file entry29.pdb (PDB, C-alpha atoms)
ATOM      1  CA  MET A   1     -57.378 -47.064  17.594
ATOM      2  CA  ARG A   2     -53.641 -47.686  18.163
ATOM      3  CA  GLU A   3     -52.981 -50.625  20.513
ATOM      4  CA  ILE A   4     -49.782 -50.299  22.556
ATOM      5  CA  TYR A   5     -48.920 -52.679  25.380
ATOM      6  CA  PHE A   6     -46.240 -51.492  27.821
ATOM      7  CA  ILE A   7     -43.958 -53.629  30.003
ATOM      8  CA  GLY A   8     -42.207 -51.288  32.406
ATOM      9  CA  GLY A   9     -40.346 -51.771  35.645
ATOM     10  CA  SER A  10     -36.699 -52.272  36.483
ATOM     11  CA  PRO A  11     -33.773 -53.853  34.596
ATOM     12  CA  CYS A  12     -32.913 -57.555  34.691
ATOM     13  CA  CYS A  13     -36.269 -59.254  35.148
ATOM     14  CA  GLY A  14     -37.128 -60.700  31.725
ATOM     15  CA  LYS A  15     -38.971 -57.784  30.125
ATOM     16  CA  SER A  16     -37.305 -58.164  26.734
ATOM     17  CA  THR A  17     -37.694 -61.962  26.681
ATOM     18  CA  ILE A  18     -41.408 -61.667  27.434
ATOM     19  CA  ALA A  19     -41.905 -58.890  24.874
ATOM     20  CA  GLU A  20     -40.186 -61.014  22.223
ATOM     21  CA  LYS A  21     -42.439 -63.982  23.047
ATOM     22  CA  ILE A  22     -45.541 -61.794  22.779
ATOM     23  CA  SER A  23     -44.344 -60.339  19.488
ATOM     24  CA  GLU A  24     -43.757 -63.816  18.043
ATOM     25  CA  LYS A  25     -47.024 -65.341  19.291
ATOM     26  CA  TYR A  26     -49.391 -62.465  18.510
ATOM     27  CA  GLY A  27     -47.634 -60.775  15.591
ATOM     28  CA  PHE A  28     -47.158 -57.496  17.471
ATOM     29  CA  LEU A  29     -44.493 -54.989  16.516
ATOM     30  CA  TYR A  30     -41.718 -54.987  19.134
ATOM     31  CA  TYR A  31     -40.285 -51.628  20.226
ATOM     32  CA  LYS A  32     -37.323 -52.012  22.588
ATOM     33  CA  ALA A  33     -36.882 -48.708  24.415
ATOM     34  CA  ASP A  34     -33.251 -49.356  25.389
ATOM     35  CA  ASP A  35     -32.264 -49.442  21.711
ATOM     36  CA  PHE A  36     -33.078 -45.722  21.492
ATOM     37  CA  LEU A  37     -31.857 -44.547  24.903
ATOM     38  CA  THR A  38     -28.505 -43.092  23.827
ATOM     39  CA  GLU A  39     -30.012 -41.542  20.702
ATOM     40  CA  PHE A  40     -32.782 -39.815  22.659
ATOM     41  CA  ILE A  41     -30.454 -38.581  25.400
ATOM     42  CA  GLU A  42     -28.278 -36.959  22.733
ATOM     43  CA  LYS A  43     -31.319 -35.592  20.920
ATOM     44  CA  GLY A  44     -32.728 -34.206  24.167
ATOM     45  CA  GLY A  45     -29.439 -32.463  24.865
ATOM     46  CA  ALA A  46     -29.427 -30.987  21.367
ATOM     47  CA  ASP A  47     -33.028 -29.835  21.883
ATOM     48  CA  GLY A  48     -31.973 -27.734  24.843
ATOM     49  CA  HIS A  49     -32.479 -30.069  27.783
ATOM     50  CA  GLU A  50     -29.299 -29.119  29.650
ATOM     51  CA  TRP A  51     -29.614 -31.978  32.109
ATOM     52  CA  LEU A  52     -29.626 -34.565  29.306
ATOM     53  CA  LYS A  53     -26.648 -32.864  27.680
ATOM     54  CA  TYR A  54     -24.791 -33.024  30.995
ATOM     55  CA  VAL A  55     -25.569 -36.739  31.399
ATOM     56  CA  SER A  56     -24.469 -37.562  27.857
ATOM     57  CA  GLU A  57     -21.047 -36.023  28.538
ATOM     58  CA  MET A  58     -20.378 -37.771  31.879
ATOM     59  CA  SER A  59     -17.455 -40.148  32.279
ATOM     60  CA  LEU A  60     -18.161 -43.503  33.921
ATOM     61  CA  ASP A  61     -16.508 -42.267  37.125
ATOM     62  CA  GLN A  62     -18.689 -39.171  37.120
ATOM     63  CA  LEU A  63     -21.730 -41.349  36.530
ATOM     64  CA  TRP A  64     -21.271 -44.323  38.847
ATOM     65  CA  LEU A  65     -18.983 -43.191  41.659
ATOM     66  CA  ARG A  66     -21.784 -41.325  43.403
ATOM     67  CA  ALA A  67     -24.423 -42.183  45.980
ATOM     68  CA  PRO A  68     -27.073 -44.663  44.739
ATOM     69  CA  GLU A  69     -29.837 -42.376  46.044
ATOM     70  CA  ILE A  70     -28.638 -39.580  43.743
ATOM     71  CA  LEU A  71     -28.363 -42.019  40.837
ATOM     72  CA  ASN A  72     -31.930 -43.212  41.378
ATOM     73  CA  ASP A  73     -33.334 -39.689  41.513
ATOM     74  CA  GLU A  74     -31.463 -38.889  38.308
ATOM     75  CA  ALA A  75     -32.708 -42.008  36.541
ATOM     76  CA  LEU A  76     -36.321 -41.120  37.330
ATOM     77  CA  LEU A  77     -35.730 -37.566  36.089
ATOM     78  CA  ILE A  78     -33.983 -38.715  32.906
ATOM     79  CA  TYR A  79     -36.833 -41.043  31.984
ATOM     80  CA  GLU A  80     -39.326 -38.264  32.647
ATOM     81  CA  LYS A  81     -37.455 -35.998  30.212
ATOM     82  CA  LEU A  82     -37.122 -38.772  27.627
ATOM     83  CA  PHE A  83     -40.681 -40.078  27.815
ATOM     84  CA  PRO A  84     -42.044 -37.792  25.038
ATOM     85  CA  TYR A  85     -39.301 -39.024  22.701
ATOM     86  CA  PHE A  86     -40.272 -42.649  23.282
ATOM     87  CA  ILE A  87     -43.955 -41.880  22.730
ATOM     88  CA  ASN A  88     -43.100 -40.023  19.540
ATOM     89  CA  GLY A  89     -41.108 -43.044  18.369
ATOM     90  CA  LEU A  90     -44.010 -45.365  19.101
ATOM     91  CA  ASN A  91     -46.440 -43.106  17.254
ATOM     92  CA  LYS A  92     -44.298 -43.316  14.142
ATOM     93  CA  LEU A  93     -44.799 -47.078  13.926
ATOM     94  CA  ASP A  94     -47.521 -48.773  11.873
ATOM     95  CA  ALA A  95     -50.799 -47.759  13.506
ATOM     96  CA  ASP A  96     -52.643 -50.840  12.188
ATOM     97  CA  THR A  97     -50.523 -53.403  14.046
ATOM     98  CA  PRO A  98     -50.555 -53.743  17.846
ATOM     99  CA  ILE A  99     -47.256 -52.841  19.516
ATOM    100  CA  ILE A 100     -45.487 -54.450  22.442
ATOM    101  CA  THR A 101     -42.886 -52.205  24.026
ATOM    102  CA  GLU A 102     -40.705 -52.580  27.090
ATOM    103  CA  GLY A 103     -38.117 -50.730  29.087
ATOM    104  CA  ALA A 104     -37.340 -49.123  32.417
ATOM    105  CA  ALA A 105     -38.116 -45.834  30.682
ATOM    106  CA  PHE A 106     -41.823 -46.610  31.013
ATOM    107  CA  ALA A 107     -42.283 -45.791  34.692
ATOM    108  CA  PRO A 108     -45.866 -46.320  35.944
ATOM    109  CA  SER A 109     -46.403 -42.657  36.822
ATOM    110  CA  LEU A 110     -45.414 -41.574  33.309
ATOM    111  CA  VAL A 111     -47.613 -43.993  31.391
ATOM    112  CA  TYR A 112     -50.498 -43.262  33.734
ATOM    113  CA  LYS A 113     -50.252 -39.536  32.978
ATOM    114  CA  ALA A 114     -50.254 -40.468  29.283
ATOM    115  CA  GLY A 115     -53.633 -42.175  29.742
ATOM    116  CA  VAL A 116     -52.539 -45.820  29.501
ATOM    117  CA  ASP A 117     -55.194 -48.053  31.052
ATOM    118  CA  LYS A 118     -54.679 -51.025  33.347
ATOM    119  CA  THR A 119     -55.013 -53.635  30.601
ATOM    120  CA  HIS A 120     -52.106 -52.140  28.656
ATOM    121  CA  TYR A 121     -49.385 -51.819  31.297
ATOM    122  CA  VAL A 122     -47.471 -54.259  33.494
ATOM    123  CA  CYS A 123     -44.621 -53.516  35.906
ATOM    124  CA  LEU A 124     -41.917 -56.169  36.368
ATOM    125  CA  VAL A 125     -39.107 -55.853  38.911
ATOM    126  CA  PRO A 126     -36.467 -58.284  40.218
ATOM    127  CA  THR A 127     -35.505 -58.918  43.812
ATOM    128  CA  LYS A 128     -32.081 -57.591  44.789
ATOM    129  CA  GLU A 129     -30.628 -61.100  44.939
ATOM    130  CA  PHE A 130     -31.986 -62.088  41.520
ATOM    131  CA  GLN A 131     -30.790 -58.834  39.952
ATOM    132  CA  ILE A 132     -27.207 -59.014  41.226
ATOM    133  CA  ARG A 133     -26.899 -62.732  40.458
ATOM    134  CA  HIS A 134     -27.928 -62.260  36.837
ATOM    135  CA  TYR A 135     -26.118 -58.981  36.206
ATOM    136  CA  SER A 136     -22.909 -60.619  37.450
ATOM    137  CA  LYS A 137     -23.228 -63.215  34.680
ATOM    138  CA  ARG A 138     -23.450 -60.642  31.893
ATOM    139  CA  LEU A 139     -20.080 -60.467  30.151
ATOM    140  CA  TRP A 140     -20.701 -56.992  28.730
ATOM    141  CA  VAL A 141     -20.937 -55.505  32.249
ATOM    142  CA  LYS A 142     -17.238 -56.131  32.901
ATOM    143  CA  ASP A 143     -16.293 -54.584  29.557
ATOM    144  CA  TYR A 144     -18.567 -51.594  30.161
ATOM    145  CA  LEU A 145     -16.899 -50.797  33.491
ATOM    146  CA  GLU A 146     -13.323 -51.055  32.170
ATOM    147  CA  LEU A 147     -12.910 -47.261  32.128
ATOM    148  CA  CYS A 148     -13.937 -46.894  35.789
ATOM    149  CA  SER A 149     -11.167 -46.200  38.304
ATOM    150  CA  ASP A 150     -13.004 -48.284  40.923
ATOM    151  CA  LYS A 151     -14.936 -51.015  39.130
ATOM    152  CA  ASP A 152     -16.190 -52.740  42.286
ATOM    153  CA  LYS A 153     -17.572 -49.519  43.744
ATOM    154  CA  ALA A 154     -19.134 -48.544  40.428
ATOM    155  CA  PHE A 155     -20.850 -51.934  40.117
ATOM    156  CA  SER A 156     -22.072 -51.762  43.717
ATOM    157  CA  ASN A 157     -23.513 -48.270  43.211
ATOM    158  CA  TRP A 158     -25.117 -49.374  39.951
ATOM    159  CA  MET A 159     -26.792 -52.370  41.592
ATOM    160  CA  GLU A 160     -27.960 -50.321  44.580
ATOM    161  CA  ARG A 161     -29.353 -47.706  42.208
ATOM    162  CA  ASP A 162     -31.337 -50.367  40.396
ATOM    163  CA  VAL A 163     -32.650 -51.749  43.702
ATOM    164  CA  LEU A 164     -33.902 -48.282  44.662
ATOM    165  CA  PHE A 165     -35.355 -47.795  41.179
ATOM    166  CA  ALA A 166     -37.223 -51.101  41.431
ATOM    167  CA  LEU A 167     -38.716 -50.063  44.771
ATOM    168  CA  SER A 168     -39.714 -46.687  43.304
ATOM    169  CA  VAL A 169     -41.546 -48.048  40.264
ATOM    170  CA  LEU A 170     -43.109 -50.940  42.188
ATOM    171  CA  SER A 171     -44.533 -48.429  44.673
ATOM    172  CA  GLN A 172     -45.872 -46.304  41.800
ATOM    173  CA  ALA A 173     -47.536 -49.313  40.156
ATOM    174  CA  LYS A 174     -49.221 -50.416  43.372
ATOM    175  CA  GLU A 175     -50.471 -46.915  44.124
ATOM    176  CA  ILE A 176     -51.940 -46.515  40.641
ATOM    177  CA  GLY A 177     -53.328 -50.044  40.478
ATOM    178  CA  TYR A 178     -51.246 -51.403  37.606
ATOM    179  CA  ALA A 179     -50.420 -55.113  37.557
ATOM    180  CA  ALA A 180     -46.997 -55.782  39.099
ATOM    181  CA  PHE A 181     -44.859 -58.902  39.333
ATOM    182  CA  VAL A 182     -41.688 -59.426  41.410
ATOM    183  CA  VAL A 183     -39.191 -61.800  39.769
ATOM    184  CA  ASP A 184     -37.192 -63.783  42.333
ATOM    185  CA  GLY A 185     -36.198 -66.854  40.333
ATOM    186  CA  ALA A 186     -38.709 -69.119  42.066
ATOM    187  CA  LYS A 187     -40.996 -68.984  39.035
ATOM    188  CA  SER A 188     -39.990 -69.646  35.440
ATOM    189  CA  ILE A 189     -39.909 -67.097  32.626
ATOM    190  CA  ASP A 190     -42.963 -68.867  31.207
ATOM    191  CA  GLU A 191     -44.860 -68.136  34.426
ATOM    192  CA  SER A 192     -43.827 -64.480  34.241
ATOM    193  CA  TYR A 193     -44.967 -64.463  30.615
ATOM    194  CA  GLN A 194     -48.331 -65.950  31.580
ATOM    195  CA  PHE A 195     -48.794 -63.266  34.229
ATOM    196  CA  VAL A 196     -48.163 -60.553  31.643
ATOM    197  CA  ILE A 197     -50.510 -61.889  28.964
ATOM    198  CA  ASN A 198     -53.213 -62.397  31.595
ATOM    199  CA  ALA A 199     -52.778 -58.794  32.754
ATOM    200  CA  PHE A 200     -53.050 -57.689  29.119
ATOM    201  CA  SER A 201     -56.110 -59.923  28.601
ATOM    202  CA  LEU A 202     -54.495 -61.419  25.501
TER     203      LEU A 202
END
call {"tool": "encode", "arguments": {"input": "entry29.pdb", "output": "structure tokens"}}
result
Amino acid sequence: MREIYFIGGSPCCGKSTIAEKISEKYGFLYYKADDFLTEFIEKGGADGHEWLKYVSEMSLDQLWLRAPEILNDEALLIYEKLFPYFINGLNKLDADTPIITEGAAFAPSLVYKAGVDKTHYVCLVPTKEFQIRHYSKRLWVKDYLELCSDKDKAFSNWMERDVLFALSVLSQAKEIGYAAFVVDGAKSIDESYQFVINAFSL
């Protein structure tokens, strides 16, 4: 039976670092959902999902200069529409080798509906302070926002959206009973890693 371990949650909390460590230690295939996000949004639009087509054609002003609450609702909807594409991508991988996959796309409610049990899913989210501190250090963020007419407002809306998204998925995980870990910087990445492998019973 195919073994897939999911690390979901919110951006900027060490999901990719932990997935890479698991892949290296246990020999799992590593499927990084973010690497396929743009491709699947475009594919979804081409497949007739008008909402995904609309999102793919937005300018950065159209995307980020809106209320964070709207952005969060949209993010949850986008991942819901894209979820079948990610599952299809995972199913195309070698079925004989366990897979570790991670990304905000794997919201707890979605993987639960797909039948993923509690030993194969972990939700990681950062605190607001940790998230903003680390996003501010990422050089690509400044370059990404260059085409925005109000970069400060766009960044603020983006961060507030991610805070709301983290609260949304953390609430889902707790309600379902999935393991969840809040990253605040007080514990090391190795401690976060240990939490994940314990939750996975590896």
call {"tool": "resolve_selection", "arguments": {"input": "entry29.pdb", "expression": "the PyMOL selection byres ((chain A and resi 18-27) around 7)", "output": "list of chain:residue names"}}
result
A:Gly14, A:Lys15, A:Ser16, A:Thr17, A:Phe28, A:Leu29, A:Tyr30, A:Ile100, A:Thr101, A:Glu102, A:Tyr193
call {"tool": "residues_around", "arguments": {"input": "entry29.pdb", "residues": "Leu71 (chain A)", "least_positions_apart": "4", "cutoff": "10 Å", "atoms": "all atoms listed in the file", "output": "VMD selection string"}}
result
chain A and resid 63 to 67 75 to 77 157 to 158 160 to 162 164 to 165
call {"tool": "residues_around", "arguments": {"input": "entry29.pdb", "residues": "Tyr121 (chain A)", "least_positions_apart": "2", "cutoff": "10 Å", "atoms": "all atoms listed in the file", "output": "VMD selection string"}}
result
chain A and resid 4 to 8 101 to 102 106 to 108 111 to 112 116 to 119 123 173 178 to 180 196 199 to 200
call {"tool": "resolve_selection", "arguments": {"input": "entry29.pdb", "expression": "the PyMOL selection byres ((chain A and resi 84) around 12)", "output": "number ranges by chain"}}
result
A: 40-41, 43-44, 78-83, 85-91, 105-106, 110-111, 113-114
call {"tool": "axis_aligned_box", "arguments": {"input": "entry29.pdb", "around": "region 76-83 of chain A", "padding_each_side": "4 Å", "output": "lines of an AutoDock Vina configuration file"}}
result
center_x = -37.3
center_y = -38.6
center_z = 32.5
size_x = 14.7
size_y = 13.1
size_z = 17.7
call {"tool": "atom_distance", "arguments": {"input": "entry29.pdb", "atom1": "CA of Glu74 (chain A)", "atom2": "CA of Val169 (chain A)"}}
result
13.8 Å
call {"tool": "atom_distance", "arguments": {"input": "entry29.pdb", "atom1": "CA of Gly185 (chain A)", "atom2": "CA of Val141 (chain A)"}}
result
20.7 Å
call {"tool": "resolve_selection", "arguments": {"input": "entry29.pdb", "expression": "the PyMOL selection byres ((chain A and resi 125) around 7)", "output": "list in words"}}
result
Gly9, Ser10, Cys13, Cys123, Leu124, Pro126, Thr127, Ala166, Phe181, Val182 and Val183 of chain A
call {"tool": "closest_residue", "arguments": {"input": "entry29.pdb", "among": "A:Tyr31, A:Phe130, A:Trp51, A:Tyr144", "to": "Lys187 (chain A)", "atoms": "only C-alpha atoms"}}
result
A:Phe130
call {"tool": "closest_residue", "arguments": {"input": "entry29.pdb", "among": "A:Asn198, A:Ser188, A:Thr97, A:Asn72", "to": "Val163 (chain A)", "atoms": "all atoms listed in the file"}}
result
A:Asn72
call {"tool": "atom_distance", "arguments": {"input": "entry29.pdb", "atom1": "CA of Gly115 (chain A)", "atom2": "CA of Ala95 (chain A)"}}
result
17.4 Å
